[in-house]
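Participant: Structure below; questions to follow.
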Amino acid sequence: MSDSIVRTRFAPSPTGYIHVGNVRAALFPWLFARGNGGKFIVRIEDTDQARYVEGAQDLILETLKWLGIDWDEGPQVGGDYGPYVQSERVERYKQWAQILIDKGLAYADPYTPEQVDAFRAEAKAAKQPFLFRNFRPENPPVWDGSMPLRFKVTDIKRYTWNDPVMGELSAGPEALDDFILIKSDGMPTYNFAHIADDKDMEITHVVRGLEYIPSIPKYLSLYEALEITPPVLVCLPHIMAPDGKKKLGKRDGAKSVTEYKNEGILPEAMLNFLASMGWNDGTEQEIFSVQELIEKFSFDRVQRSGARFDENRLLWMNGQWIRRLDIDDLFNRVTDFWPESAKEVGDERKKQILQLVQDRLKTLADLPMLSDYFFTEPTVDWSMITDNKQLSKLSTDQIVDLLNAAKNELLASDFDTDAIQECLNHLLEITGQKPAILFSLIRIAVSWAPFSPALNDTLAVLGKNTVIGRIQLAIDSARQ
RNA sequence: GGUCCCAUCGUCUAACGGUUAGGACACCAGGUUUUCAUCCUGGCAACUCGGGUUCGAUUCCCGAUGGGAUCACCA
């Protein structure tokens, strides 16, 4: 065992996508490794053949990459402790099992699943927890690989251990049992394989959800039997469903992390949000860069209670992150989010428009709604004027007069941002109207959108010809 | 049913015996020459309950209550 290098791991099972409820099991150990000069390892735990999903592994790795969670050893990158896929390590598990068999601490389970179910039912009827060791066979057959191999717990006692997040934890003998090491299909169970792998891969900190707490005494008893010094065992609180009733899972509509990607959430925001659920640095800072997270993260500041998943907060953080991006960076990220109408438009112009709407984006997916009228002629919708609190007071003639005045003044303008602003101010004077009337009218007449950026900027980017044309169109449509 | 974990505004959280219990999201009101957004200002809003310990408990201890996890040839 290397003594001081921190080595943490994320060990997903390829049974589906990573959802937001369990991605912290990757994030926190990664932050810890990165912040302590350690290594982060990804290991695929594919010992359950029934639940194996083709393609899930790639999906999981893609998710990690999108978030910026990189790994030093694991699939695709290799490493000195491979293979990093459990199904390729079965021979190694048999070696570990042999150690226990030789010590008389493992035995073949001669019962059929139905018989075990009967034992279980018996325990349930007696309102007792089911413990296989109460039904331990007296003379088990020699293990030939066709039956499950079980661990034989000999030291039945209370275990106490220290968890960097949860503090001192303990559990009584009820938590100890003869659990299965190797299944009848030859594959190891998680309970056995992860202990062997963590030892072989020299993992120093095992980080996982708190659903593992009740199992930890079993692991501790196995570590003892194997004469292994356990790594630091860290349990993380759950992310709860929005109703707060249970841990967030796919059945509660927990979205995959990549789904948020498609909805225009930035990885920085997702990471920041995930970390802030259950962790803070003790100050009032809310927005953390990945680098800051790495520098400041520690397990002793992780919350012990579960946190509900609040999308509002995620959306707010995403807006914060979008506004922090410089325009070129933002531009590179919105490639897939432009409206259809922007297809033939050049980069410089798109960038110009993006700059105008940057403050208004809550997600990248808001882009089409905010920018469409820059690229294509909007549909005239006169109800926007008749439903407007201020404008509805004006007669059609008054509106047409105002639009004509605007058209004439703008026609004479140099049409840069400042000149337009001057022009608009002048219009206020000569028409005697308030901005609420005049600016609203022009804004609607050129965009026919519920909202848009500052008027002078909008007009400048649209260009004189477009602006004049659209105002004329509005005038024409008023007469109908 | 057994075992184990948790408990501050609606939500995410700060506080490590003495505070007007702080911040953020959401919400409400106002401001920034139109709208929406940003930004700024203000407002609403919490220590689950009961016992101890202490001069003094949100904070420490015990109990209750509530919530959660777990008791697989799943991880």
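By order in the structure tokens, chains are A, B, ...; within a chain, residues start at 1; ligands start at 1, following the order shown.
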Excluding same-chain residues fewer than 5 positions from segment 202-207 of chain A, what lies within 7 Å of it counting only C-alpha atoms (C1' of nucleotides), as a list in words?
Facilitator: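 Counting only C-alpha atoms (C1' of nucleotides), the residues come to Met1, Ser2, Val6, Arg7, Thr8, Arg9, Ala25, Pro29, Pro231, Val232, Leu233, Val234 and Cys235 of chain A.
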Participant: Show me, as a PyMOL selection string, every residue of chain A with an atom at most 6 Å from chain B, counting only C-alpha atoms (C1' of nucleotides).
Facilitator: chain A and resi 127-129+183+211+214+284+305+313+359-360+435-436+439-440+451
Participant: Just want the 12 Å neighbourhood of Val461 of chain A, counted on only C-alpha atoms (C1' of nucleotides), with same-chain residues fewer than 4 positions away dropped. Output as a list of chain:residue names.
Facilitator: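 The filter keeps A:Glu348, A:Arg349, A:Lys350, A:Lys351, A:Gln352, A:Ile353, A:Leu354, A:Gln355, A:Leu356, A:Val357, A:Ser371, A:Tyr373, A:Phe374, A:Phe375, A:Phe415, A:Asp416, A:Thr417, A:Ile420, A:Val446, A:Ser447, A:Ser452, A:Pro453, A:Ala454, A:Leu455, A:Asn456, A:Asp457, A:Asn465, A:Thr466, A:Val467.
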Participant: Interatomic distance between atom CA of Ala474 of chain A and atom CA of Met369 of chain A?
Facilitator: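 Computing it gives 21.0 Å between the two atoms.
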Participant: Grab the atom CA of Asn134 of chain A to atom CA of Arg120 of chain A distance for me, in Å with one decimal place.
Facilitator: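 Going from atom CA of Asn134 of chain A over to atom CA of Arg120 of chain A covers 10.6 Å.
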Participant: Enter the distance from atom CA of Lys152 of chain A to atom CA of Arg136 of chain A, in Å, rounded to one decimal.
Facilitator: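 Taking atom CA of Lys152 of chain A and atom CA of Arg136 of chain A, their separation equals 8.8 Å.
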Participant: Identify, on the basis of only C-alpha atoms (C1' of nucleotides), every residue whose closest approach to Gly82 of chain A does not exceed 10 Å; exclude the query and any residue fewer than 2 positions from it along the same chain; express the result as a count of residues only.
Facilitator: 15
